[in-house]
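What's in structure29.cif: mmCIF, C-alpha atoms
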data_start
#
loop_
_atom_site.group_PDB
_atom_site.id
_atom_site.type_symbol
_atom_site.label_atom_id
_atom_site.label_comp_id
_atom_site.auth_asym_id
_atom_site.auth_seq_id
_atom_site.Cartn_x
_atom_site.Cartn_y
_atom_site.Cartn_z
ATOM 1 C CA MET A 100 -68.529 59.679 -60.952
ATOM 2 C CA PHE A 101 -64.766 59.188 -60.719
ATOM 3 C CA ARG A 102 -65.092 58.496 -56.988
ATOM 4 C CA ARG A 103 -67.692 55.756 -57.579
ATOM 5 C CA LEU A 104 -65.487 54.131 -60.206
ATOM 6 C CA PHE A 105 -62.493 54.194 -57.824
ATOM 7 C CA VAL A 106 -64.533 52.540 -55.016
ATOM 8 C CA LEU A 107 -65.834 49.931 -57.446
ATOM 9 C CA LEU A 108 -62.290 49.120 -58.645
ATOM 10 C CA LEU A 109 -61.077 48.906 -55.053
ATOM 11 C CA LEU A 110 -63.851 46.481 -54.132
ATOM 12 C CA CYS A 111 -63.218 44.351 -57.224
ATOM 13 C CA GLY A 112 -59.504 44.233 -56.475
ATOM 14 C CA ASN A 113 -60.186 42.957 -52.969
ATOM 15 C CA ALA A 114 -62.575 40.352 -54.349
ATOM 16 C CA TYR A 115 -59.671 38.787 -56.266
ATOM 17 C CA ALA A 116 -57.436 38.464 -53.197
ATOM 18 C CA SER A 117 -57.177 34.749 -52.560
ATOM 19 C CA PRO A 118 -57.739 33.100 -49.177
ATOM 20 C CA ALA A 119 -54.083 31.996 -49.401
ATOM 21 C CA ASP A 120 -53.000 35.644 -49.578
ATOM 22 C CA ASP A 121 -55.117 36.432 -46.532
ATOM 23 C CA MET A 122 -53.645 33.447 -44.675
ATOM 24 C CA GLU A 123 -50.104 34.432 -45.582
ATOM 25 C CA ARG A 124 -50.722 38.013 -44.468
ATOM 26 C CA MET A 125 -52.151 36.805 -41.131
ATOM 27 C CA LEU A 126 -49.213 34.441 -40.551
ATOM 28 C CA ALA A 127 -46.735 37.205 -41.375
ATOM 29 C CA GLU A 128 -48.455 39.610 -38.970
ATOM 30 C CA ARG A 129 -48.155 37.048 -36.195
ATOM 31 C CA GLY A 130 -44.546 36.198 -37.020
ATOM 32 C CA LEU A 131 -45.398 32.623 -37.861
ATOM 33 C CA ILE A 132 -43.986 32.428 -41.392
ATOM 34 C CA ALA A 133 -40.406 32.406 -40.103
ATOM 35 C CA HIS A 134 -41.364 29.728 -37.575
ATOM 36 C CA LEU A 135 -42.931 27.558 -40.304
ATOM 37 C CA GLN A 136 -39.847 27.966 -42.498
ATOM 38 C CA ASP A 137 -37.604 26.934 -39.574
ATOM 39 C CA MET A 138 -39.751 23.844 -38.999
ATOM 40 C CA ARG A 139 -39.595 22.966 -42.718
ATOM 41 C CA HIS A 140 -35.780 23.241 -42.682
ATOM 42 C CA ASP A 141 -35.576 21.156 -39.489
ATOM 43 C CA VAL A 142 -37.624 18.353 -41.055
ATOM 44 C CA ALA A 143 -35.516 18.534 -44.232
ATOM 45 C CA ASP A 144 -32.295 18.382 -42.192
ATOM 46 C CA ARG A 145 -33.460 15.327 -40.256
ATOM 47 C CA THR A 146 -34.589 13.566 -43.442
ATOM 48 C CA SER A 147 -31.300 14.507 -45.058
ATOM 49 C CA ASP A 148 -29.384 12.975 -42.145
ATOM 50 C CA LEU A 149 -31.365 9.759 -42.457
ATOM 51 C CA VAL A 150 -30.810 9.488 -46.224
ATOM 52 C CA SER A 151 -27.120 10.410 -45.864
ATOM 53 C CA THR A 152 -26.673 7.787 -43.161
ATOM 54 C CA ALA A 153 -28.342 5.147 -45.338
ATOM 55 C CA MET A 154 -26.178 6.049 -48.342
ATOM 56 C CA GLY A 155 -23.085 5.562 -46.218
ATOM 57 C CA PHE A 156 -23.878 1.842 -46.007
ATOM 58 C CA ILE A 157 -23.983 1.148 -49.752
ATOM 59 C CA GLY A 158 -21.915 -1.951 -50.406
ATOM 60 C CA VAL A 159 -22.406 -3.592 -46.995
ATOM 61 C CA PRO A 160 -23.164 -7.277 -47.629
ATOM 62 C CA TYR A 161 -26.556 -8.859 -47.063
ATOM 63 C CA ARG A 162 -26.734 -11.264 -44.159
ATOM 64 C CA ARG A 163 -29.953 -12.961 -43.051
ATOM 65 C CA GLY A 164 -30.697 -11.763 -39.516
ATOM 66 C CA GLY A 165 -27.888 -9.203 -39.783
ATOM 67 C CA ASN A 166 -28.224 -5.831 -38.129
ATOM 68 C CA SER A 167 -24.815 -4.154 -38.293
ATOM 69 C CA ALA A 168 -22.331 -2.949 -40.884
ATOM 70 C CA GLU A 169 -19.691 -5.225 -39.365
ATOM 71 C CA THR A 170 -21.714 -8.423 -39.795
ATOM 72 C CA GLY A 171 -24.002 -7.394 -42.663
ATOM 73 C CA PHE A 172 -27.678 -6.479 -42.886
ATOM 74 C CA ASP A 173 -30.928 -8.033 -43.865
ATOM 75 C CA CYS A 174 -33.609 -5.619 -45.072
ATOM 76 C CA SER A 175 -35.314 -4.889 -41.759
ATOM 77 C CA GLY A 176 -32.029 -4.894 -39.851
ATOM 78 C CA PHE A 177 -30.752 -2.253 -42.263
ATOM 79 C CA VAL A 178 -33.833 -0.036 -41.826
ATOM 80 C CA ARG A 179 -33.730 -0.462 -38.064
ATOM 81 C CA ALA A 180 -30.015 0.402 -37.869
ATOM 82 C CA ILE A 181 -30.439 3.517 -40.040
ATOM 83 C CA TYR A 182 -33.331 4.871 -37.977
ATOM 84 C CA GLU A 183 -31.492 4.118 -34.770
ATOM 85 C CA GLN A 184 -28.274 5.796 -35.902
ATOM 86 C CA ALA A 185 -29.813 8.805 -37.690
ATOM 87 C CA LYS A 186 -32.830 9.516 -35.501
ATOM 88 C CA GLY A 187 -32.255 7.603 -32.275
ATOM 89 C CA LEU A 188 -35.362 5.472 -32.833
ATOM 90 C CA ALA A 189 -35.529 1.759 -32.225
ATOM 91 C CA LEU A 190 -37.961 0.351 -34.777
ATOM 92 C CA PRO A 191 -39.280 -3.201 -34.427
ATOM 93 C CA ARG A 192 -36.959 -5.877 -35.828
ATOM 94 C CA ARG A 193 -39.020 -7.564 -38.556
ATOM 95 C CA ALA A 194 -40.367 -5.913 -41.733
ATOM 96 C CA ILE A 195 -43.975 -6.859 -40.997
ATOM 97 C CA GLU A 196 -43.654 -5.417 -37.476
ATOM 98 C CA GLN A 197 -42.186 -2.216 -38.931
ATOM 99 C CA ALA A 198 -45.192 -1.983 -41.273
ATOM 100 C CA GLN A 199 -47.619 -2.490 -38.398
ATOM 101 C CA ALA A 200 -45.905 0.102 -36.198
ATOM 102 C CA THR A 201 -45.828 2.943 -38.719
ATOM 103 C CA GLU A 202 -48.382 5.215 -40.368
ATOM 104 C CA VAL A 203 -49.876 4.125 -43.703
ATOM 105 C CA ILE A 204 -49.358 6.697 -46.459
ATOM 106 C CA ASP A 205 -50.294 6.774 -50.115
ATOM 107 C CA LYS A 206 -47.561 6.020 -52.636
ATOM 108 C CA LYS A 207 -48.021 9.480 -54.177
ATOM 109 C CA ASP A 208 -47.203 11.034 -50.774
ATOM 110 C CA LEU A 209 -43.826 9.317 -50.387
ATOM 111 C CA GLN A 210 -41.034 11.529 -49.078
ATOM 112 C CA PRO A 211 -37.347 10.714 -48.567
ATOM 113 C CA GLY A 212 -36.960 8.668 -45.404
ATOM 114 C CA ASP A 213 -40.347 6.923 -45.662
ATOM 115 C CA LEU A 214 -40.468 3.133 -45.648
ATOM 116 C CA VAL A 215 -41.457 1.115 -48.713
ATOM 117 C CA PHE A 216 -42.641 -2.476 -48.425
ATOM 118 C CA PHE A 217 -42.698 -5.314 -50.918
ATOM 119 C CA ASN A 218 -44.057 -8.857 -51.152
ATOM 120 C CA THR A 219 -40.941 -10.812 -52.128
ATOM 121 C CA MET A 220 -41.670 -14.087 -50.322
ATOM 122 C CA ARG A 221 -45.327 -14.671 -51.178
ATOM 123 C CA ARG A 222 -46.396 -12.814 -48.061
ATOM 124 C CA ALA A 223 -47.214 -9.189 -47.452
ATOM 125 C CA PHE A 224 -44.532 -6.922 -46.027
ATOM 126 C CA SER A 225 -41.744 -9.468 -46.407
ATOM 127 C CA HIS A 226 -39.247 -6.834 -47.603
ATOM 128 C CA VAL A 227 -38.580 -3.220 -46.609
ATOM 129 C CA GLY A 228 -36.416 -0.355 -47.821
ATOM 130 C CA ILE A 229 -36.027 3.386 -47.298
ATOM 131 C CA TYR A 230 -37.418 5.726 -49.934
ATOM 132 C CA LEU A 231 -34.857 8.212 -51.320
ATOM 133 C CA GLY A 232 -37.011 10.234 -53.709
ATOM 134 C CA ASP A 233 -37.507 10.160 -57.486
ATOM 135 C CA GLY A 234 -38.879 6.610 -57.326
ATOM 136 C CA LYS A 235 -35.669 5.208 -55.806
ATOM 137 C CA PHE A 236 -35.136 3.303 -52.571
ATOM 138 C CA ILE A 237 -32.178 1.847 -50.682
ATOM 139 C CA HIS A 238 -32.225 -1.622 -49.141
ATOM 140 C CA ALA A 239 -30.381 -4.821 -48.357
ATOM 141 C CA PRO A 240 -31.781 -7.073 -51.104
ATOM 142 C CA ARG A 241 -30.826 -10.751 -50.694
ATOM 143 C CA THR A 242 -28.118 -13.276 -49.989
ATOM 144 C CA GLY A 243 -25.067 -12.687 -52.167
ATOM 145 C CA ALA A 244 -25.949 -9.018 -52.729
ATOM 146 C CA HIS A 245 -25.045 -5.753 -50.986
ATOM 147 C CA VAL A 246 -26.936 -2.685 -49.753
ATOM 148 C CA ARG A 247 -27.856 -0.782 -52.889
ATOM 149 C CA ILE A 248 -30.246 1.631 -54.542
ATOM 150 C CA GLU A 249 -33.084 0.363 -56.750
ATOM 151 C CA ASP A 250 -35.789 1.918 -58.887
ATOM 152 C CA MET A 251 -39.308 1.161 -57.629
ATOM 153 C CA GLY A 252 -40.552 1.470 -61.215
ATOM 154 C CA GLY A 253 -38.578 -1.564 -62.345
ATOM 155 C CA SER A 254 -40.871 -4.465 -63.235
ATOM 156 C CA TYR A 255 -39.726 -6.684 -60.333
ATOM 157 C CA TRP A 256 -40.333 -4.045 -57.654
ATOM 158 C CA ALA A 257 -43.441 -2.511 -59.233
ATOM 159 C CA LYS A 258 -45.215 -5.907 -59.255
ATOM 160 C CA ARG A 259 -44.335 -6.561 -55.622
ATOM 161 C CA PHE A 260 -44.971 -3.140 -54.069
ATOM 162 C CA ASN A 261 -46.999 -3.610 -50.887
ATOM 163 C CA GLY A 262 -47.322 -0.141 -49.479
ATOM 164 C CA ALA A 263 -45.667 2.898 -48.004
ATOM 165 C CA ARG A 264 -45.356 3.891 -44.371
ATOM 166 C CA ARG A 265 -44.083 6.878 -42.434
ATOM 167 C CA VAL A 266 -42.310 6.813 -39.105
ATOM 168 C CA GLU A 267 -44.111 9.581 -37.235
ATOM 169 C CA GLN A 268 -42.491 11.441 -34.410
ATOM 170 C CA GLY A 269 -44.313 13.303 -31.658
ATOM 171 C CA GLN A 270 -43.709 16.888 -30.644
ATOM 172 C CA ASP A 271 -40.802 15.923 -28.425
ATOM 173 C CA ASP A 272 -39.158 13.930 -31.241
ATOM 174 C CA MET A 273 -40.318 10.746 -29.581
ATOM 175 C CA PRO A 274 -41.705 8.120 -31.937
ATOM 176 C CA THR A 275 -45.455 7.606 -31.914
ATOM 177 C CA ILE A 276 -44.824 3.948 -32.706
ATOM 178 C CA ALA A 277 -44.351 1.292 -30.074
ATOM 179 C CA ALA A 278 -40.592 1.730 -29.993
ATOM 180 C CA THR A 279 -38.032 3.142 -27.670
ATOM 181 C CA ALA A 280 -35.457 5.824 -28.262
ATOM 182 C CA ASN A 281 -31.831 5.240 -27.458
ATOM 183 C CA PRO A 282 -30.472 7.237 -24.540
#
Give the structure from this file in structure tokens form.
Amino acid sequence: MFRRLFVLLLLCGNAYASPADDMERMLAERGLIAHLQDMRHDVADRTSDLVSTAMGFIGVPYRRGGNSAETGFDCSGFVRAIYEQAKGLALPRRAIEQAQATEVIDKKDLQPGDLVFFNTMRRAFSHVGIYLGDGKFIHAPRTGAHVRIEDMGGSYWAKRFNGARRVEQGQDDMPTIAATANP
């Protein structure tokens, strides 16, 4: 009797093991958990570099057509310069081209380093910034202003939000967009 009860308890205990536990056990047996953690840290480091680089340009003046800290930035010139400096990627020059060349993501899936687009000139994708997390983004806003951080939840930006995009990189850290990497 005791033996039957023990077998029954053992079977019931195994029935409650979740598929996630089984997956984790399999990954651990194959030594893949450490590899996944390394990949997660690598992605976080690269995103961190991009956000840190962008933050270093706070206060640089807006300049229409500008694409350097020395002369000033417009919104797409700022995004392009940050991606080029932090990741070695040459994104297209104009905001609408950046939107077309990147992967569409849902707003709820935004991660630091993703691009956020706004309709500020009565046309889609007329403004772009870099998402920082917690509903904040960094951008070069307009003539007379400087690179700064804004809250996407503010009424102006919330009404004009056009979409979110992600700059995907291939396995060799080459962009999957129609762009070139700097040597």
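The spacing separating atom CA of A:Ala185 from atom CA of A:Phe172 amounts to 16.3 Å.
Atom pair atom CA of A:Ser167 / atom CA of A:Leu190 has a distance of 14.3 Å (rounded to one decimal).
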* Asked: What is the distance between atom CA of A:Asn261 and atom CA of A:Phe217, in Å to one decimal?
  -> 4.6 Å
* Extract, using only C-alpha atoms, all DNA, RNA and protein residues at most 9 Å from A:Phe260, discarding same-chain residues fewer than 3 positions from it, and format them as a ChimeraX atom specification. => /A:215-219,224,251,255-257,263
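Distances to A:Ile157 were evaluated for A:His238, A:Ala223, A:Asp233, A:Asp213 using only C-alpha atoms, and the minimum falls at A:His238.
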What are the centre and the three edge lengths of an axis-aligned box that wraps all atoms of stretch 229-234 of chain A in the file, given that 4 Å is added to every side, written as JSON and rounded to one decimal in Å?
{"center_x": -36.9, "center_y": 6.8, "center_z": -52.4, "size_x": 12.0, "size_y": 14.8, "size_z": 18.2}
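Each of A:Gln184, A:Ser225, A:Ser147, A:Ser254 was compared to A:Asn166 using all atoms listed in the file, and A:Gln184 turns out to be the nearest.
If you measure from each of A:Arg247, A:Gly252, A:Gly232, A:Ile181 to A:Gly158 using all atoms listed in the file, the closest one turns out to be A:Arg247.
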* To do: Return the single residue from A:Gly187, A:Lys235, A:Ala153, A:Ile195 that is closest to A:Gln210, with distances computed using all atoms listed in the file.
  => A:Lys235
Hits of the PyMOL selection byres ((chain A and resi 177) around 10) in this structure, as a CSV table (one decimal) with C-alpha atoms, in the frame of the given file:
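Result written to selection.csv:
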chain,number,residue,atom,x,y,z
A,153,ALA,CA,-28.3,5.1,-45.3
A,156,PHE,CA,-23.9,1.8,-46.0
A,159,VAL,CA,-22.4,-3.6,-47.0
A,161,TYR,CA,-26.6,-8.9,-47.1
A,164,GLY,CA,-30.7,-11.8,-39.5
A,165,GLY,CA,-27.9,-9.2,-39.8
A,166,ASN,CA,-28.2,-5.8,-38.1
A,167,SER,CA,-24.8,-4.2,-38.3
A,168,ALA,CA,-22.3,-2.9,-40.9
A,171,GLY,CA,-24.0,-7.4,-42.7
A,172,PHE,CA,-27.7,-6.5,-42.9
A,173,ASP,CA,-30.9,-8.0,-43.9
A,174,CYS,CA,-33.6,-5.6,-45.1
A,175,SER,CA,-35.3,-4.9,-41.8
A,176,GLY,CA,-32.0,-4.9,-39.9
A,178,VAL,CA,-33.8,0.0,-41.8
A,179,ARG,CA,-33.7,-0.5,-38.1
A,180,ALA,CA,-30.0,0.4,-37.9
A,181,ILE,CA,-30.4,3.5,-40.0
A,182,TYR,CA,-33.3,4.9,-38.0
A,183,GLU,CA,-31.5,4.1,-34.8
A,192,ARG,CA,-37.0,-5.9,-35.8
A,227,VAL,CA,-38.6,-3.2,-46.6
A,228,GLY,CA,-36.4,-0.4,-47.8
A,229,ILE,CA,-36.0,3.4,-47.3
A,237,ILE,CA,-32.2,1.8,-50.7
A,238,HIS,CA,-32.2,-1.6,-49.1
A,239,ALA,CA,-30.4,-4.8,-48.4
A,246,VAL,CA,-26.9,-2.7,-49.8
* To do: Between A:Arg162, A:Ala189, A:Arg221, A:Lys207, single out the one closest to A:Lys258, counting all atoms listed in the file.
  => A:Arg221
Please produce stretch 178-189 of chain A, completed to N, CA and C atoms, as a PDB file, keeping the file's coordinate frame.
ATOM      1  N   VAL A 178     -32.918  -1.142 -42.129  1.00  0.00           N
ATOM      2  CA  VAL A 178     -33.833  -0.036 -41.826  1.00  0.00           C
ATOM      3  C   VAL A 178     -33.760   0.321 -40.346  1.00  0.00           C
ATOM      4  N   ARG A 179     -33.781  -0.688 -39.515  1.00  0.00           N
ATOM      5  CA  ARG A 179     -33.730  -0.462 -38.064  1.00  0.00           C
ATOM      6  C   ARG A 179     -32.433   0.250 -37.672  1.00  0.00           C
ATOM      7  N   ALA A 180     -31.314  -0.194 -38.199  1.00  0.00           N
ATOM      8  CA  ALA A 180     -30.015   0.402 -37.869  1.00  0.00           C
ATOM      9  C   ALA A 180     -29.945   1.856 -38.338  1.00  0.00           C
ATOM     10  N   ILE A 181     -30.478   2.148 -39.510  1.00  0.00           N
ATOM     11  CA  ILE A 181     -30.439   3.517 -40.040  1.00  0.00           C
ATOM     12  C   ILE A 181     -31.273   4.440 -39.166  1.00  0.00           C
ATOM     13  N   TYR A 182     -32.477   4.031 -38.830  1.00  0.00           N
ATOM     14  CA  TYR A 182     -33.331   4.871 -37.977  1.00  0.00           C
ATOM     15  C   TYR A 182     -32.736   5.059 -36.586  1.00  0.00           C
ATOM     16  N   GLU A 183     -32.106   4.016 -36.089  1.00  0.00           N
ATOM     17  CA  GLU A 183     -31.492   4.118 -34.770  1.00  0.00           C
ATOM     18  C   GLU A 183     -30.306   5.084 -34.798  1.00  0.00           C
ATOM     19  N   GLN A 184     -29.469   4.957 -35.816  1.00  0.00           N
ATOM     20  CA  GLN A 184     -28.274   5.796 -35.902  1.00  0.00           C
ATOM     21  C   GLN A 184     -28.621   7.251 -36.251  1.00  0.00           C
ATOM     22  N   ALA A 185     -29.525   7.449 -37.210  1.00  0.00           N
ATOM     23  CA  ALA A 185     -29.813   8.805 -37.690  1.00  0.00           C
ATOM     24  C   ALA A 185     -30.813   9.560 -36.826  1.00  0.00           C
ATOM     25  N   LYS A 186     -31.767   8.838 -36.241  1.00  0.00           N
ATOM     26  CA  LYS A 186     -32.830   9.516 -35.501  1.00  0.00           C
ATOM     27  C   LYS A 186     -32.950   9.085 -34.050  1.00  0.00           C
ATOM     28  N   GLY A 187     -32.172   8.073 -33.648  1.00  0.00           N
ATOM     29  CA  GLY A 187     -32.255   7.603 -32.275  1.00  0.00           C
ATOM     30  C   GLY A 187     -33.515   6.818 -31.979  1.00  0.00           C
ATOM     31  N   LEU A 188     -34.131   6.244 -33.005  1.00  0.00           N
ATOM     32  CA  LEU A 188     -35.362   5.472 -32.833  1.00  0.00           C
ATOM     33  C   LEU A 188     -35.083   3.991 -32.994  1.00  0.00           C
ATOM     34  N   ALA A 189     -35.664   3.206 -32.121  1.00  0.00           N
ATOM     35  CA  ALA A 189     -35.529   1.759 -32.225  1.00  0.00           C
ATOM     36  C   ALA A 189     -36.813   1.194 -32.810  1.00  0.00           C
TER      37      ALA A 189
END
